[in-house]
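S.K.: Input file: final-v5.pdb. Contents: PDB, C-alpha atoms.
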ATOM      1  CA  MET A 157     -40.425 125.114 137.061
ATOM      2  CA  SER A 158     -42.048 123.757 140.192
ATOM      3  CA  PHE A 159     -45.750 122.989 139.983
ATOM      4  CA  GLN A 160     -48.135 122.670 142.901
ATOM      5  CA  HIS A 161     -50.786 120.526 141.218
ATOM      6  CA  ALA A 162     -50.956 117.637 138.765
ATOM      7  CA  VAL A 163     -53.869 115.987 137.028
ATOM      8  CA  VAL A 164     -53.595 112.623 135.334
ATOM      9  CA  TRP A 165     -56.248 111.305 132.955
ATOM     10  CA  LEU A 166     -55.727 107.717 131.935
ATOM     11  CA  ASP A 167     -57.243 104.757 130.201
ATOM     12  CA  GLN A 168     -55.749 101.424 129.145
ATOM     13  CA  THR A 169     -53.715 102.863 126.287
ATOM     14  CA  GLU A 170     -52.422 106.257 127.419
ATOM     15  CA  ALA A 171     -52.150 108.775 130.213
ATOM     16  CA  HIS A 172     -52.226 112.554 129.938
ATOM     17  CA  VAL A 173     -50.322 114.196 132.778
ATOM     18  CA  ILE A 174     -50.573 117.947 133.282
ATOM     19  CA  HIS A 175     -48.516 119.767 135.906
ATOM     20  CA  PHE A 176     -49.892 123.237 136.469
ATOM     21  CA  THR A 177     -50.206 126.429 138.429
ATOM     22  CA  ARG A 178     -52.838 129.099 138.031
ATOM     23  CA  ASP A 179     -50.900 130.643 135.136
ATOM     24  CA  ASP A 180     -48.718 127.929 133.600
ATOM     25  CA  ALA A 181     -48.876 124.263 132.598
ATOM     26  CA  GLU A 182     -46.763 121.441 131.163
ATOM     27  CA  THR A 183     -48.312 118.396 129.499
ATOM     28  CA  GLU A 184     -46.901 114.920 128.986
ATOM     29  CA  VAL A 185     -48.519 111.948 127.227
ATOM     30  CA  ILE A 186     -47.483 108.459 128.293
ATOM     31  CA  LYS A 187     -48.480 105.573 126.052
ATOM     32  CA  THR A 188     -48.453 101.993 127.196
ATOM     33  CA  THR A 189     -46.135  99.699 125.313
ATOM     34  CA  SER A 190     -47.573  96.478 126.694
ATOM     35  CA  GLN A 191     -50.362  94.339 125.355
ATOM     36  CA  HIS A 192     -53.430  94.790 127.566
ATOM     37  CA  ARG A 193     -55.827  92.409 125.849
ATOM     38  CA  LYS A 194     -55.804  88.640 126.050
ATOM     39  CA  ALA A 195     -57.551  86.769 123.255
ATOM     40  CA  GLY A 196     -60.957  85.365 124.177
ATOM     41  CA  VAL A 197     -61.258  87.185 127.528
ATOM     42  CA  VAL A 198     -63.996  89.743 128.227
ATOM     43  CA  GLY A 199     -63.678  92.579 130.767
ATOM     44  CA  ASN A 200     -60.671  94.344 132.239
ATOM     45  CA  ASN A 201     -57.916  92.259 130.729
ATOM     46  CA  ARG A 202     -54.832  93.798 132.297
ATOM     47  CA  ALA A 203     -52.237  91.096 132.670
ATOM     48  CA  GLU A 204     -51.228  90.422 136.257
ATOM     49  CA  GLY A 205     -47.896  92.026 137.057
ATOM     50  CA  ASP A 206     -48.194  94.517 134.172
ATOM     51  CA  THR A 207     -47.087  97.520 136.226
ATOM     52  CA  GLY A 208     -44.569  99.225 133.940
ATOM     53  CA  TYR A 209     -47.182 101.589 132.477
ATOM     54  CA  MET A 210     -48.509 102.489 135.921
ATOM     55  CA  ASP A 211     -45.004 102.993 137.313
ATOM     56  CA  GLU A 212     -44.225 105.372 134.446
ATOM     57  CA  VAL A 213     -47.417 107.357 135.136
ATOM     58  CA  ILE A 214     -46.625 107.486 138.863
ATOM     59  CA  ALA A 215     -43.060 108.629 138.155
ATOM     60  CA  ALA A 216     -44.496 111.498 136.110
ATOM     61  CA  ILE A 217     -46.659 112.769 139.004
ATOM     62  CA  THR A 218     -44.528 112.018 142.040
ATOM     63  CA  GLU A 219     -43.116 115.558 142.365
ATOM     64  CA  ALA A 220     -46.546 117.233 142.577
ATOM     65  CA  LYS A 221     -47.821 118.360 145.966
ATOM     66  CA  GLU A 222     -51.470 117.575 145.139
ATOM     67  CA  ILE A 223     -52.726 115.132 142.509
ATOM     68  CA  LEU A 224     -56.106 114.644 140.857
ATOM     69  CA  VAL A 225     -56.611 111.268 139.133
ATOM     70  CA  VAL A 226     -59.335 111.045 136.487
ATOM     71  CA  GLY A 227     -60.445 108.790 133.671
ATOM     72  CA  PRO A 228     -63.423 107.139 132.012
ATOM     73  CA  GLY A 229     -63.113 103.569 133.281
ATOM     74  CA  GLN A 230     -61.453 101.271 135.786
ATOM     75  CA  GLU A 231     -57.844 102.132 134.940
ATOM     76  CA  LYS A 232     -57.833 105.058 137.379
ATOM     77  CA  LEU A 233     -58.827 102.664 140.187
ATOM     78  CA  ALA A 234     -56.166 100.146 139.153
ATOM     79  CA  LEU A 235     -53.624 102.985 139.242
ATOM     80  CA  MET A 236     -54.735 103.923 142.750
ATOM     81  CA  ARG A 237     -54.511 100.318 143.973
ATOM     82  CA  HIS A 238     -50.998  99.991 142.566
ATOM     83  CA  MET A 239     -49.957 103.405 143.872
ATOM     84  CA  THR A 240     -51.278 102.656 147.366
ATOM     85  CA  LYS A 241     -49.480  99.314 147.428
ATOM     86  CA  SER A 242     -46.155 100.291 145.872
ATOM     87  CA  HIS A 243     -45.893 104.101 146.020
ATOM     88  CA  ALA A 244     -47.691 105.103 149.235
ATOM     89  CA  GLU A 245     -45.958 108.484 149.520
ATOM     90  CA  THR A 246     -47.329 109.490 146.113
ATOM     91  CA  ALA A 247     -50.751 107.971 146.843
ATOM     92  CA  ASP A 248     -50.973 110.201 149.922
ATOM     93  CA  LYS A 249     -50.862 113.259 147.622
ATOM     94  CA  VAL A 250     -53.972 112.186 145.669
ATOM     95  CA  VAL A 251     -56.827 114.479 146.679
ATOM     96  CA  SER A 252     -59.538 112.799 144.595
ATOM     97  CA  VAL A 253     -60.322 110.183 141.961
ATOM     98  CA  GLU A 254     -63.022 111.300 139.524
ATOM     99  CA  THR A 255     -64.796 109.872 136.491
ATOM    100  CA  VAL A 256     -64.112 112.053 133.457
ATOM    101  CA  ASP A 257     -64.898 110.906 129.906
ATOM    102  CA  HIS A 258     -62.427 111.836 127.139
ATOM    103  CA  PRO A 259     -61.495 115.537 127.350
ATOM    104  CA  ASN A 260     -58.807 117.136 125.268
ATOM    105  CA  ASP A 261     -55.832 118.503 127.211
ATOM    106  CA  GLY A 262     -57.279 122.028 127.336
ATOM    107  CA  GLN A 263     -60.567 120.765 128.769
ATOM    108  CA  LEU A 264     -58.696 118.581 131.252
ATOM    109  CA  LEU A 265     -56.606 121.527 132.455
ATOM    110  CA  THR A 266     -59.721 123.701 132.840
ATOM    111  CA  TYR A 267     -61.448 120.923 134.814
ATOM    112  CA  ALA A 268     -58.440 120.462 137.098
ATOM    113  CA  ARG A 269     -57.959 124.185 137.723
ATOM    114  CA  LYS A 270     -61.638 124.538 138.664
ATOM    115  CA  TYR A 271     -61.369 121.483 140.912
ATOM    116  CA  PHE A 272     -58.383 122.877 142.818
ATOM    117  CA  VAL A 273     -59.921 126.360 143.153
ATOM    118  CA  LYS A 274     -62.946 124.733 144.827
ATOM    119  CA  ALA A 275     -60.722 122.479 146.945
ATOM    120  CA  ASP A 276     -58.537 125.411 148.024
ATOM    121  CA  LEU A 277     -61.625 127.412 149.039
ATOM    122  CA  THR A 278     -62.860 124.601 151.269
ATOM    123  CA  HIS A 279     -59.533 124.241 153.109
TER
END
Would you kindly transcribe this structure into structure tokens?

M.R.:
Amino acid sequence: MSFQHAVVWLDQTEAHVIHFTRDDAETEVIKTTSQHRKAGVVGNNRAEGDTGYMDEVIAAITEAKEILVVGPGQEKLALMRHMTKSHAETADKVVSVETVDHPNDGQLLTYARKYFVKADLTH
């Protein structure tokens, strides 16, 4: 099935990707397999060059026509930086980057559907 919209919620350990229409949705969870924390370092400790997780997330959303990127911390911004640098055609489909705490998949889908209804009304 072809989906118009996608929402991705991510943090440092996993991403929830939902492709959806008004009436249907498919969800995928992508977990990072790399070690994000370095011993004795405080702050965002993503290792330089650790792009496999982000590339997997981007691959999951690349077919969507419009993408909403959300999450609680800085990972969503790191994803956008990487996407802009290495996957510009997908980055161009991102309509917004929003701060969203830790919703379950149902809450995330409801949030995204409401977002796109509002966005579609303003276009």

S.K.: In Å to one decimal, how far is CA of Ala220 (chain A) from CA of Ala162 (chain A)?

M.R.: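 Rounded to one decimal, the two atoms are 5.8 Å apart.
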
S.K.: Counting only C-alpha atoms, I want the residues whose atoms come within 12 Å of (-41.5, 113.7, 137.4) in the file frame, returned as JSON, numbers by chain.

M.R.: {"A": [157, 158, 159, 162, 173, 174, 175, 182, 183, 184, 211, 212, 213, 214, 215, 216, 217, 218, 219, 220, 221, 246]}

S.K.: Can you tell me which residues surround region 232-240 of chain A at a distance of at most 10 Å, considering all atoms listed in the file, apart from same-chain residues fewer than 4 positions away, and format the answer as a PDB file with C-alpha atoms, in the coordinates of the input?

M.R.:
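Wrote it out as out24.pdb, contents follow:
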ATOM      1  CA  VAL A 164     -53.595 112.623 135.334  1.00  0.00           C
ATOM      2  CA  TRP A 165     -56.248 111.305 132.955  1.00  0.00           C
ATOM      3  CA  LEU A 166     -55.727 107.717 131.935  1.00  0.00           C
ATOM      4  CA  ASP A 167     -57.243 104.757 130.201  1.00  0.00           C
ATOM      5  CA  GLN A 168     -55.749 101.424 129.145  1.00  0.00           C
ATOM      6  CA  ALA A 171     -52.150 108.775 130.213  1.00  0.00           C
ATOM      7  CA  ARG A 202     -54.832  93.798 132.297  1.00  0.00           C
ATOM      8  CA  THR A 207     -47.087  97.520 136.226  1.00  0.00           C
ATOM      9  CA  TYR A 209     -47.182 101.589 132.477  1.00  0.00           C
ATOM     10  CA  MET A 210     -48.509 102.489 135.921  1.00  0.00           C
ATOM     11  CA  ASP A 211     -45.004 102.993 137.313  1.00  0.00           C
ATOM     12  CA  VAL A 213     -47.417 107.357 135.136  1.00  0.00           C
ATOM     13  CA  ILE A 214     -46.625 107.486 138.863  1.00  0.00           C
ATOM     14  CA  VAL A 225     -56.611 111.268 139.133  1.00  0.00           C
ATOM     15  CA  VAL A 226     -59.335 111.045 136.487  1.00  0.00           C
ATOM     16  CA  GLY A 227     -60.445 108.790 133.671  1.00  0.00           C
ATOM     17  CA  PRO A 228     -63.423 107.139 132.012  1.00  0.00           C
ATOM     18  CA  ALA A 244     -47.691 105.103 149.235  1.00  0.00           C
ATOM     19  CA  GLU A 245     -45.958 108.484 149.520  1.00  0.00           C
ATOM     20  CA  THR A 246     -47.329 109.490 146.113  1.00  0.00           C
ATOM     21  CA  ALA A 247     -50.751 107.971 146.843  1.00  0.00           C
ATOM     22  CA  ASP A 248     -50.973 110.201 149.922  1.00  0.00           C
ATOM     23  CA  VAL A 250     -53.972 112.186 145.669  1.00  0.00           C
ATOM     24  CA  VAL A 253     -60.322 110.183 141.961  1.00  0.00           C
ATOM     25  CA  GLU A 254     -63.022 111.300 139.524  1.00  0.00           C
ATOM     26  CA  THR A 255     -64.796 109.872 136.491  1.00  0.00           C
TER      27      THR A 255
END

S.K.: Select, counting all atoms listed in the file, all protein, DNA and RNA residues no farther than 7 Å from (-53.7, 112.9, 126.1) in file coordinates, and express the selection as a VMD selection string.

M.R.: chain A and resid 170 to 172 185 260 to 261

S.K.: Find the axis-aligned box for region 232-251 of chain A, covering all its listed atoms and adding 4 Å on each side, and write its centre and edge lengths in Å to one decimal as JSON.

M.R.:
{"center_x": -52.4, "center_y": 106.9, "center_z": 143.7, "size_x": 20.9, "size_y": 23.2, "size_z": 20.5}

S.K.: CA of Gln160 (chain A) and CA of Gly262 (chain A), how far apart in Å?

M.R.: 18.1 Å

S.K.: To one decimal place, how far is CA of Phe176 (chain A) from CA of Lys274 (chain A) in Å?

M.R.: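 Here the two named atoms are 15.6 Å from each other.
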
S.K.: Could you tell me which of A:Asp257, A:Ala181, A:His161, A:Thr188 comes closest to Glu222 (chain A) if we count all atoms listed in the file?

M.R.: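 Between A:Asp257, A:Ala181, A:His161, A:Thr188, the residue approaching Glu222 (chain A) most closely is A:His161.
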
S.K.: Quick one: of A:Asp180, A:Lys249, A:Lys187, A:Thr169, who's nearest to Arg269 (chain A), counting all atoms listed in the file?

M.R.: A:Asp180

S.K.: Return the single residue from A:Ala268, A:Thr189, A:Leu224, A:Asp179 that is closest to Gly208 (chain A), with distances computed using only C-alpha atoms.

M.R.: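 For Gly208 (chain A), the nearest of the candidates is A:Thr189.
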